[in-house]
Amino acid sequence: MASVTCRTVSSPAHSPFIVASIRCQLRPARLRAPSPSPSSSPSQQNHRRTFSAQHARLQTQETQPMRGRFTYHVAASFSAKYKKFDHLTNVFPFNPYNRIQTDKKRPKSRRPASGQDAFFISRVGDTNAVAFGVADGVGGWEESGVDPADFAHSFCDYMASAAYEHRSDGSGAPLVPRALMQRGYDDVCRDRSIHAGGSTASVAIATEDGNLEVANLGDSGFVHLRLNAVHAYSEPQIHAFNTPYQLSIVPASMLARAAVFGGAKLCDYPKDANVTQHTLRHGDILVLASDGVWDNLFNQEILRIASRLMMGIGAWKSSDDGIQVVDSLRRFTEPDSLPQTRLSLQSALAVEIAGAAKAASTNQRLDGPFAKEVQKYYPQENWHGGKIDDICVVVLVVSDNSKFSEVQSKL
């Protein structure tokens with residue numbers, strides 16, 4: 001990402017530009033899909049939960065019954081572009097009853113191993129609505145001595161805290177993704193430890209009544225899957241090829257040089273994000289990801305991954321009326337229903353998609369979406385294969401609690 005926006009502070013020197021990535025080897029991940037079995041052991045659950053998705057530490061609270069009609073099962077998977085992908089450790093299974101400690105800033109040592117990509121998952125206040133998102137740090141800032149991960153990870157930390165601490169003001173107006181994005185951006189700009197940097201952002205909130213709103217700025221994005229089909233997906237926001245919309249903090253010295261020597265200043269803010277609304281149904285899958293996924297996998301490839309897993313474990317089933325979702329997904333999504341050697345459905349989906357994107361990024365023979373775009377706009381480049389990048393995926397699986405109640409009433 002070569003362009004920057006014009007929020008000013010005083011600090012470092014040269015303008016960011018796109019840093020060439022290097023190719024690395026990947027061992028394909030092996031994953032067994034979840035199926036009904038005895039409970040996992042506490043030691044195995046602790047092994048999977050290797051870090052906090054939100055800043056500071058998490059403290060587990062007593063599990064409570066879910067309120068509202070819909071329950072959301074969320075997990076993330078990730079891989080830094082210079083690291084091998086490990087399907088056992090590069091995964092975060094979200095527990096909505098973990099409490100976010102908002103009084104401290106998370107140190108770098110507690111960040112997930114996602115490179116310059118970041119993510120967050122949080123309950124919204126005392127409701128069972130869920131806020132989640134991804135941010136892709138602008139790698140070009142490295143040439144100015146700035147760690148691009150600082151902006152992206154802090155941005156996500158601040159959004160997680162804002163969502164968790166949110167309380168209705170009595171007006172009945174709910175928290176929406178664009179406002180949450182604005183809150184995170186404002187907090188980053190006030191953070192004196194962050195002098196420069198930037199990121200794209202894709203932020204979503206799923207409410208208790210099954211409504212989903214997504215605010216997307218830049219080339220991170222989402223795909224919404226329903227009954228073995230791509231139901232909806234985002235379009236990237238770009239100023240030009242490989243120049244996405246992005247939030248940034250730009251030092252005043254850099255803007256001054258741009259004014260003297262020329263160069264466009266792109267001013268992108270949360271208000272520029274594209275906002276879409278969706279109605280969720282039982283068994284729907286939402287995949288939110290950074291461009292490390294979208295540059296290497298087509299939507300139909302993600303659908304095939306999800307379909308193979310959902311059909312393989314019996315969460316989706318064929319019938320005379322087409323593909324149907326089983327009435328209860330609990331035995332696939334909840335930790336207490338899973339054996340210690342298995343991932344939950346949401347974790348398995350996130351790991352499979354991240355692993356496929358990682359493998360495609362290092363494949364020099366199979367052209368992915370980014371290669372197709374380069375060939376379209378710059379045929380003289382002769383670009384083939386995938387695009388090495390950090391990868392971050394958040395997957396949400398929707399459960400309709402009324403379906404489970406119907407099953408219980410029949411027993």
# chains A, B, ... in the order shown; residues from 1 in each chain; ligands from 1
>>> residues_around(residues="Gly115 (chain A)", least_positions_apart="4", cutoff="8 Å", atoms="only C-alpha atoms", output="CSV table (one decimal) with N, CA, C and O atoms, in the first residue's frame")
chain,number,residue,atom,x,y,z
A,79,SER,N,-1.3,-15.9,10.1
A,79,SER,CA,0.0,-16.3,9.8
A,79,SER,C,0.8,-15.1,9.3
A,79,SER,O,0.4,-14.4,8.4
A,80,ALA,N,2.0,-14.9,9.9
A,80,ALA,CA,2.9,-13.8,9.4
A,80,ALA,C,3.6,-14.3,8.1
A,80,ALA,O,3.8,-15.5,8.0
A,81,LYS,N,3.8,-13.4,7.2
A,81,LYS,CA,4.3,-13.9,5.9
A,81,LYS,C,5.7,-14.5,6.0
A,81,LYS,O,6.1,-15.3,5.1
A,149,ALA,N,2.9,-2.8,12.4
A,149,ALA,CA,2.1,-3.6,13.2
A,149,ALA,C,1.5,-2.7,14.4
A,149,ALA,O,0.4,-3.0,14.9
A,390,ASP,N,1.1,-11.2,5.0
A,390,ASP,CA,0.5,-11.6,6.2
A,390,ASP,C,-1.0,-12.0,5.9
A,390,ASP,O,-1.6,-11.5,5.0
>>> select_by_dssp(residues="region 90-295 of chain A", states="helix (DSSP H, G or I)", output="PyMOL selection string")
chain A and resi 108-110+139-144+148-165+177-190+252-261+270-272+291-294
>>> closest_atom_pairs(of="region 211-235 of chain A", to="region 177-182 of chain A", cutoff="9 Å", atoms="only C-alpha atoms", output="JSON lines")
{"residue": "A:Glu213", "atom": "CA", "partner": "A:Pro177", "partner_atom": "CA", "distance": 6.8}
{"residue": "A:Val214", "atom": "CA", "partner": "A:Pro177", "partner_atom": "CA", "distance": 6.2}
{"residue": "A:Ala215", "atom": "CA", "partner": "A:Pro177", "partner_atom": "CA", "distance": 5.6}
{"residue": "A:Asn216", "atom": "CA", "partner": "A:Arg178", "partner_atom": "CA", "distance": 8.5}
>>> write_last_selection(atoms="N, CA and C atoms", output="short mmCIF file (atom, residue, chain, number, x, y, z; two decimals), in the first residue's frame")
data_model
loop_
_atom_site.label_atom_id
_atom_site.label_comp_id
_atom_site.auth_asym_id
_atom_site.auth_seq_id
_atom_site.Cartn_x
_atom_site.Cartn_y
_atom_site.Cartn_z
N GLU A 213 -24.07 -5.80 10.34
CA GLU A 213 -23.63 -4.61 9.61
C GLU A 213 -22.11 -4.67 9.50
N VAL A 214 -21.60 -4.35 8.32
CA VAL A 214 -20.17 -4.38 8.06
C VAL A 214 -19.73 -3.03 7.49
N ALA A 215 -18.65 -2.48 8.05
CA ALA A 215 -18.02 -1.27 7.51
C ALA A 215 -16.66 -1.68 6.96
N ASN A 216 -16.46 -1.44 5.68
CA ASN A 216 -15.23 -1.88 5.03
C ASN A 216 -14.50 -0.70 4.42
#
>>> closest_atom_pairs(of="region 272-391 of chain A", to="region 70-78 of chain A", cutoff="7 Å", atoms="only C-alpha atoms", output="CSV")
residue,atom,partner,partner_atom,distance
A:Thr333,CA,A:His73,CA,6.6
A:Gln346,CA,A:Ala75,CA,5.5
A:Ser347,CA,A:Ala75,CA,5.1
A:Ala350,CA,A:Ser77,CA,5.3
A:Val351,CA,A:Ser77,CA,5.4
A:Ala354,CA,A:Ser77,CA,6.1
A:Ile391,CA,A:Phe78,CA,5.3
>>> closest_residue(among="A:Asp86, A:Asp295, A:Asp126, A:Asp400", to="Ser168 (chain A)", atoms="only C-alpha atoms")
A:Asp126
>>> select_by_dssp(residues="region 152-326 of chain A", states="strand (DSSP E)", output="PyMOL selection string")
chain A and resi 197-206+211-217+221-225+230-233+238-240+243-244+247-251+274-279+285-289+316-319+322-325
>>> atom_distance(atom1="CA of Val395 (chain A)", atom2="CA of Arg304 (chain A)")
15.0 Å
